[in-house]
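Data first, discussion second: the structure below is written as structure tokens.
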There are 2 protein chains.
Amino acid sequence: MASEVTLGELDSILGLRIRRAHGAVQRHFTDHFAELGLTQKQVSVLWLAGNHPGLAQTDLARALDTDRATTMALVHGLEKRGLLARTASSQPDRRRIAFQLTADGARLLERSRAAIAAHEAWLAARFTSDELVQLHALLARIYR
Amino acid sequence: MASEVTLGELDSILGLRIRRAHGAVQRHFTDHFAELGLTQKQVSVLWLAGNHPGLAQTDLARALDTDRATTMALVHGLEKRGLLARTASSQPDRRRIAFQLTADGARLLERSRAAIAAHEAWLAARFTSDELVQLHALLARIYR
DNA sequence: TATTGTTATACTCTATAACTATA
DNA sequence: TATAGTTATAGAGTATAACAATA
């Protein structure tokens, strides 16, 4: 019966499981960050900029595992919204452009921290602490 | 130094790890399926259609965890390329539209199986079989 | 009323290519 | 030559809203 269609053999494919897990996390994040108007990547940039004032786009690209062009679009959007700004500080390498949070950006980051904690709690609730440690370690092996 | 920027505290966030792992898997998949011209989702549809002739779009949407509209775009693309076709079979529910692979679709699916196996081998190589079992189980808890 | 398929629309993410300026 | 930033462009994935046909 067509109504019984499942992933079948696809269920044994790890890549698919990672994709589905990512999708579920992504949906939960989007739903709960709608009121803040931030995506997962945008929050990450605010967080990194808050912790590392003066970082450059290349630093962001490396930390976020994204292309330079993709990072540009991300940064550009945050600049337009007045959450991130370029600093006019003196840099040793004049190619690099330093960024820092604006006051609005810092405020939004603070509000985001609570939402991130709630999101992580939702995700972690289904695991024991041992399982969490293991899952962290296993996932890290994929991208490192 | 800006060159030392890392994920820092972000590294403790499971959601981010899942995202990065997904990104790494996605990139590997894209690179190795470029010659076949198929995305992960497209391969999944071919696979499911091959195993379940006559399935409907709703079945695909449920199995792939995607919106109906998103599934439409996916199916539409495969139809345009002549890999998937609608069947004129008699259905009990006339709203449902049955799909099946074309000859081209079946051929491409066969070629894909080898590529999928190679992709999975690349991914699984970093884990023991016990770890693989564990990772499968842990990930499934996120989306089920 | 609910479900299936459909279209229109929009936004995010991702990446490639080509360019400028600097190292 | 190599790196940092930039722009233009394009494709994939995701989702919402609104509609028609059918159950």
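By order of appearance in the structure tokens: chains A, B, ..., then residues from 1 within every chain, and ligands from 1 in the order shown.
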
Discussion item. Could you tell me which residues of chain B sit within 10 Å of chain D when counting only C-alpha atoms (C1' of nucleotides), and give me the result as a PyMOL selection string?
Written reply: chain B and resi 39+41+66-70+73-74+93-96

Grab the residues selected above and save them as an mmCIF file, in the first residue's frame with N, CA, C and O atoms.
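Done, and the output landed in again13.cif:
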```cif
data_model
loop_
_atom_site.group_PDB
_atom_site.id
_atom_site.type_symbol
_atom_site.label_atom_id
_atom_site.label_comp_id
_atom_site.auth_asym_id
_atom_site.auth_seq_id
_atom_site.Cartn_x
_atom_site.Cartn_y
_atom_site.Cartn_z
ATOM 1 N N THR B 39 20.975 15.657 -6.635
ATOM 2 C CA THR B 39 21.144 16.070 -5.246
ATOM 3 C C THR B 39 20.714 14.924 -4.342
ATOM 4 O O THR B 39 20.134 13.935 -4.792
ATOM 5 N N LYS B 41 18.394 14.836 -2.133
ATOM 6 C CA LYS B 41 16.941 14.681 -2.129
ATOM 7 C C LYS B 41 16.454 13.992 -3.402
ATOM 8 O O LYS B 41 15.565 13.154 -3.375
ATOM 9 N N THR B 66 9.409 16.697 4.320
ATOM 10 C CA THR B 66 9.367 18.005 3.681
ATOM 11 C C THR B 66 7.932 18.415 3.411
ATOM 12 O O THR B 66 7.020 17.590 3.388
ATOM 13 N N ASP B 67 7.773 19.677 3.180
ATOM 14 C CA ASP B 67 6.515 20.291 2.835
ATOM 15 C C ASP B 67 5.981 19.707 1.531
ATOM 16 O O ASP B 67 6.744 19.216 0.711
ATOM 17 N N ARG B 68 4.665 19.819 1.319
ATOM 18 C CA ARG B 68 4.107 19.355 0.057
ATOM 19 C C ARG B 68 4.609 20.200 -1.105
ATOM 20 O O ARG B 68 4.939 19.702 -2.177
ATOM 21 N N ALA B 69 4.660 21.504 -0.887
ATOM 22 C CA ALA B 69 5.106 22.402 -1.961
ATOM 23 C C ALA B 69 6.561 22.119 -2.335
ATOM 24 O O ALA B 69 6.922 22.133 -3.512
ATOM 25 N N THR B 70 7.381 21.879 -1.331
ATOM 26 C CA THR B 70 8.783 21.561 -1.588
ATOM 27 C C THR B 70 8.894 20.258 -2.370
ATOM 28 O O THR B 70 9.690 20.142 -3.305
ATOM 29 N N ALA B 73 8.205 20.755 -6.086
ATOM 30 C CA ALA B 73 9.329 21.291 -6.850
ATOM 31 C C ALA B 73 10.315 20.175 -7.172
ATOM 32 O O ALA B 73 10.851 20.090 -8.283
ATOM 33 N N LEU B 74 10.525 19.311 -6.215
ATOM 34 C CA LEU B 74 11.450 18.191 -6.361
ATOM 35 C C LEU B 74 10.968 17.251 -7.465
ATOM 36 O O LEU B 74 11.697 16.908 -8.401
ATOM 37 N N ASP B 93 -8.390 6.515 -4.829
ATOM 38 C CA ASP B 93 -8.573 7.929 -4.492
ATOM 39 C C ASP B 93 -8.104 8.763 -5.676
ATOM 40 O O ASP B 93 -6.923 8.808 -5.974
ATOM 41 N N ARG B 94 -9.033 9.422 -6.351
ATOM 42 C CA ARG B 94 -8.672 10.118 -7.578
ATOM 43 C C ARG B 94 -7.877 11.389 -7.345
ATOM 44 O O ARG B 94 -7.449 12.053 -8.291
ATOM 45 N N ARG B 95 -7.700 11.772 -6.082
ATOM 46 C CA ARG B 95 -6.852 12.934 -5.825
ATOM 47 C C ARG B 95 -5.381 12.547 -5.918
ATOM 48 O O ARG B 95 -4.521 13.338 -6.288
ATOM 49 N N ARG B 96 -5.094 11.310 -5.584
ATOM 50 C CA ARG B 96 -3.709 10.845 -5.545
ATOM 51 C C ARG B 96 -3.165 10.597 -6.953
ATOM 52 O O ARG B 96 -3.860 10.075 -7.804
#
```

Least-squares fit on all C-alpha atoms, paired in order: put chain A onto chain B and return it as a CSV table (one decimal) with C-alpha atoms, in the first residue's frame.
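Output (selection.csv):
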```
chain,number,residue,atom,x,y,z
A,1,MET,CA,44.4,37.7,17.8
A,2,ALA,CA,41.7,37.6,15.2
A,3,SER,CA,43.5,34.7,13.6
A,4,GLU,CA,42.7,32.6,16.6
A,5,VAL,CA,38.9,32.9,16.3
A,6,THR,CA,37.2,29.6,16.8
A,7,LEU,CA,33.7,28.6,17.6
A,8,GLY,CA,34.5,29.1,21.3
A,9,GLU,CA,31.5,28.6,23.4
A,10,LEU,CA,29.5,27.8,20.3
A,11,ASP,CA,31.4,24.6,20.2
A,12,SER,CA,29.3,23.4,23.2
A,13,ILE,CA,26.1,23.8,21.3
A,14,LEU,CA,24.8,20.6,19.9
A,15,GLY,CA,22.7,22.3,17.3
A,16,LEU,CA,25.8,23.8,15.7
A,17,ARG,CA,27.6,20.5,15.6
A,18,ILE,CA,24.7,18.9,13.8
A,19,ARG,CA,24.7,21.8,11.4
A,20,ARG,CA,28.4,21.5,10.7
A,21,ALA,CA,28.3,17.7,10.3
A,22,HIS,CA,25.4,18.1,7.9
A,23,GLY,CA,27.3,20.7,6.0
A,24,ALA,CA,30.3,18.5,5.6
A,25,VAL,CA,28.2,15.5,4.5
A,26,GLN,CA,26.3,17.7,2.1
A,27,ARG,CA,29.5,19.1,0.5
A,28,HIS,CA,31.0,15.6,0.1
A,29,PHE,CA,27.7,14.4,-1.5
A,30,THR,CA,27.5,17.3,-3.9
A,31,ASP,CA,31.1,16.9,-5.0
A,32,HIS,CA,30.7,13.2,-5.7
A,33,PHE,CA,27.3,13.4,-7.3
A,34,ALA,CA,28.1,16.3,-9.6
A,35,GLU,CA,28.7,13.9,-12.6
A,36,LEU,CA,25.3,12.3,-12.0
A,37,GLY,CA,23.6,15.7,-11.7
A,38,LEU,CA,21.6,14.6,-8.7
A,39,THR,CA,21.1,16.1,-5.3
A,40,GLN,CA,20.7,14.1,-2.1
A,41,LYS,CA,16.9,14.7,-2.1
A,42,GLN,CA,16.6,13.8,-5.8
A,43,VAL,CA,18.4,10.5,-5.2
A,44,SER,CA,16.1,9.8,-2.3
A,45,VAL,CA,13.1,10.3,-4.5
A,46,LEU,CA,14.4,8.0,-7.2
A,47,TRP,CA,15.2,5.4,-4.6
A,48,LEU,CA,11.8,5.6,-3.0
A,49,ALA,CA,10.0,5.6,-6.4
A,50,GLY,CA,12.1,2.6,-7.4
A,51,ASN,CA,11.1,0.6,-4.3
A,52,HIS,CA,7.5,1.7,-4.1
A,53,PRO,CA,6.1,2.1,-7.6
A,54,GLY,CA,2.9,4.0,-7.6
A,55,LEU,CA,3.6,6.2,-4.6
A,56,ALA,CA,2.1,9.6,-4.4
A,57,GLN,CA,3.5,13.0,-3.6
A,58,THR,CA,2.2,12.9,-0.1
A,59,ASP,CA,4.0,9.7,0.6
A,60,LEU,CA,7.2,11.3,-0.6
A,61,ALA,CA,6.6,14.4,1.5
A,62,ARG,CA,6.1,12.3,4.6
A,63,ALA,CA,9.1,10.0,4.0
A,64,LEU,CA,11.4,12.9,3.3
A,65,ASP,CA,10.1,15.2,6.0
A,66,THR,CA,9.4,18.0,3.6
A,67,ASP,CA,6.5,20.3,2.8
A,68,ARG,CA,4.1,19.3,0.0
A,69,ALA,CA,5.1,22.4,-2.0
A,70,THR,CA,8.8,21.5,-1.6
A,71,THR,CA,8.1,18.0,-2.7
A,72,MET,CA,6.3,19.3,-5.8
A,73,ALA,CA,9.3,21.3,-6.9
A,74,LEU,CA,11.4,18.2,-6.4
A,75,VAL,CA,9.1,15.9,-8.3
A,76,HIS,CA,8.6,18.5,-11.1
A,77,GLY,CA,12.3,18.7,-11.7
A,78,LEU,CA,12.6,14.9,-12.0
A,79,GLU,CA,9.6,14.8,-14.4
A,80,LYS,CA,11.1,17.5,-16.6
A,81,ARG,CA,14.3,15.4,-16.9
A,82,GLY,CA,12.3,12.4,-17.8
A,83,LEU,CA,13.4,10.4,-14.8
A,84,LEU,CA,10.0,10.1,-13.1
A,85,ALA,CA,6.5,9.8,-14.7
A,86,ARG,CA,2.9,9.8,-13.7
A,87,THR,CA,1.1,6.5,-14.1
A,88,ALA,CA,-2.4,6.3,-15.6
A,89,SER,CA,-3.3,3.5,-13.4
A,90,SER,CA,-6.7,3.3,-11.7
A,91,GLN,CA,-6.5,4.7,-8.2
A,92,PRO,CA,-9.1,4.3,-5.5
A,93,ASP,CA,-8.6,7.9,-4.5
A,94,ARG,CA,-8.7,10.1,-7.6
A,95,ARG,CA,-6.9,12.9,-5.8
A,96,ARG,CA,-3.7,10.8,-5.5
A,97,ILE,CA,-1.3,10.8,-8.4
A,98,ALA,CA,0.9,7.7,-8.7
A,99,PHE,CA,4.5,8.0,-9.8
A,100,GLN,CA,7.0,5.5,-11.1
A,101,LEU,CA,10.5,5.6,-12.5
A,102,THR,CA,11.0,5.8,-16.2
A,103,ALA,CA,13.6,3.6,-17.9
A,104,ASP,CA,16.1,6.5,-17.7
A,105,GLY,CA,15.2,7.0,-14.1
A,106,ALA,CA,15.8,3.4,-13.3
A,107,ARG,CA,19.2,3.4,-15.1
A,108,LEU,CA,20.3,6.6,-13.2
A,109,LEU,CA,19.2,5.0,-9.9
A,110,GLU,CA,21.3,2.0,-10.6
A,111,ARG,CA,24.3,4.2,-11.3
A,112,SER,CA,23.5,6.2,-8.1
A,113,ARG,CA,23.6,3.1,-5.9
A,114,ALA,CA,27.4,2.7,-6.4
A,115,ALA,CA,27.9,6.4,-5.7
A,116,ILE,CA,25.8,6.2,-2.5
A,117,ALA,CA,27.8,3.3,-1.3
A,118,ALA,CA,31.0,5.2,-1.8
A,119,HIS,CA,29.6,8.2,-0.1
A,120,GLU,CA,28.4,6.1,2.9
A,121,ALA,CA,31.8,4.4,3.1
A,122,TRP,CA,33.5,7.7,3.3
A,123,LEU,CA,31.2,8.7,6.1
A,124,ALA,CA,31.3,5.4,8.0
A,125,ALA,CA,35.1,5.0,7.7
A,126,ARG,CA,35.6,7.2,10.8
A,127,PHE,CA,33.5,5.0,13.1
A,128,THR,CA,33.6,1.5,14.5
A,129,SER,CA,30.5,-0.6,13.9
A,130,ASP,CA,29.4,-0.1,17.5
A,131,GLU,CA,29.8,3.6,17.1
A,132,LEU,CA,27.7,3.6,13.9
A,133,VAL,CA,24.9,1.8,15.7
A,134,GLN,CA,25.0,4.3,18.5
A,135,LEU,CA,25.1,7.3,16.2
A,136,HIS,CA,22.2,6.0,14.2
A,137,ALA,CA,20.2,5.5,17.4
A,138,LEU,CA,21.0,8.9,18.8
A,139,LEU,CA,20.2,10.8,15.7
A,140,ALA,CA,16.9,9.0,15.3
A,141,ARG,CA,15.8,10.3,18.6
A,142,ILE,CA,16.0,13.9,17.3
A,143,TYR,CA,13.5,13.6,14.5
A,144,ARG,CA,11.2,10.8,15.7
```

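Proximity to chain B at a cut-off of 12 Å picks out DT3, DT4, DG5, DT6, DT7, DA8, DT9, DC13, DT14 and DA15 of chain C on chain C, counting only C-alpha atoms (C1' of nucleotides).
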
Write the residues of the preceding selection, restricted to N, CA and C atoms (P, O5', C5', C4', C3', O3' and C1' of nucleotides), as a CSV table (one decimal), in the first residue's frame.
```
chain,number,residue,atom,x,y,z
C,3,DT,P,-6.8,16.1,7.4
C,3,DT,O5',-6.6,15.7,5.8
C,3,DT,C5',-7.3,14.6,5.3
C,3,DT,C4',-7.0,14.4,3.8
C,3,DT,C3',-5.5,14.7,3.4
C,3,DT,O3',-5.1,13.6,2.6
C,3,DT,C1',-6.9,16.0,2.1
C,4,DT,P,-3.6,13.4,2.1
C,4,DT,O5',-3.7,13.9,0.6
C,4,DT,C5',-4.4,13.2,-0.4
C,4,DT,C4',-4.3,13.9,-1.7
C,4,DT,C3',-2.9,14.2,-2.1
C,4,DT,O3',-2.6,13.6,-3.3
C,4,DT,C1',-4.3,16.1,-2.4
C,5,DG,P,-1.0,13.7,-3.9
C,5,DG,O5',-1.1,14.9,-4.9
C,5,DG,C5',-2.0,14.9,-6.0
C,5,DG,C4',-2.2,16.3,-6.5
C,5,DG,C3',-1.0,17.0,-7.1
C,5,DG,O3',-1.1,17.2,-8.5
C,5,DG,C1',-2.3,18.5,-5.8
C,6,DT,P,0.1,17.7,-9.3
C,6,DT,O5',0.0,19.3,-9.1
C,6,DT,C5',-1.2,19.9,-9.6
C,6,DT,C4',-1.3,21.4,-9.3
C,6,DT,C3',0.0,22.1,-9.6
C,6,DT,O3',-0.1,22.8,-10.9
C,6,DT,C1',-1.0,22.9,-7.6
C,7,DT,P,1.1,23.5,-11.6
C,7,DT,O5',1.1,24.9,-11.0
C,7,DT,C5',-0.1,25.7,-11.2
C,7,DT,C4',0.0,27.0,-10.4
C,7,DT,C3',1.3,27.8,-10.7
C,7,DT,O3',1.0,29.1,-11.2
C,7,DT,C1',0.9,27.6,-8.3
C,8,DA,P,2.1,30.1,-11.7
C,8,DA,O5',2.2,31.1,-10.5
C,8,DA,C5',1.1,31.5,-9.8
C,8,DA,C4',1.4,32.4,-8.6
C,8,DA,C3',2.7,33.2,-8.8
C,8,DA,O3',2.5,34.5,-8.4
C,8,DA,C1',2.9,31.9,-6.9
C,9,DT,P,3.6,35.7,-8.6
C,9,DT,O5',4.4,35.7,-7.2
C,9,DT,C5',3.6,35.6,-6.0
C,9,DT,C4',4.5,35.4,-4.8
C,9,DT,C3',5.9,36.1,-4.9
C,9,DT,O3',5.9,37.1,-4.0
C,9,DT,C1',6.0,33.9,-4.0
C,13,DC,P,20.7,31.7,6.7
C,13,DC,O5',21.3,30.6,5.7
C,13,DC,C5',20.7,29.3,5.6
C,13,DC,C4',21.4,28.6,4.5
C,13,DC,C3',22.9,28.7,4.4
C,13,DC,O3',23.5,27.4,4.6
C,13,DC,C1',21.9,29.0,2.3
C,14,DT,P,25.1,27.3,4.8
C,14,DT,O5',25.6,27.1,3.3
C,14,DT,C5',25.0,26.1,2.5
C,14,DT,C4',25.4,26.3,1.0
C,14,DT,C3',26.9,26.7,0.8
C,14,DT,O3',27.7,25.6,0.7
C,14,DT,C1',25.3,27.7,-0.7
C,15,DA,P,29.3,25.7,0.5
C,15,DA,O5',29.5,26.1,-1.0
C,15,DA,C5',28.9,25.4,-2.0
C,15,DA,C4',29.0,26.1,-3.3
C,15,DA,C3',30.4,26.5,-3.7
C,15,DA,O3',30.9,25.8,-4.7
C,15,DA,C1',28.7,28.2,-4.2
```

Discussion item. From a backbone DSSP assignment, name each residue in stretch 64-100 of chain B labelled helix (DSSP H, G or I), as a list of chain:residue names.
Written reply: B:Leu64, B:Arg68, B:Ala69, B:Thr70, B:Thr71, B:Met72, B:Ala73, B:Leu74, B:Val75, B:His76, B:Gly77, B:Leu78, B:Glu79, B:Lys80
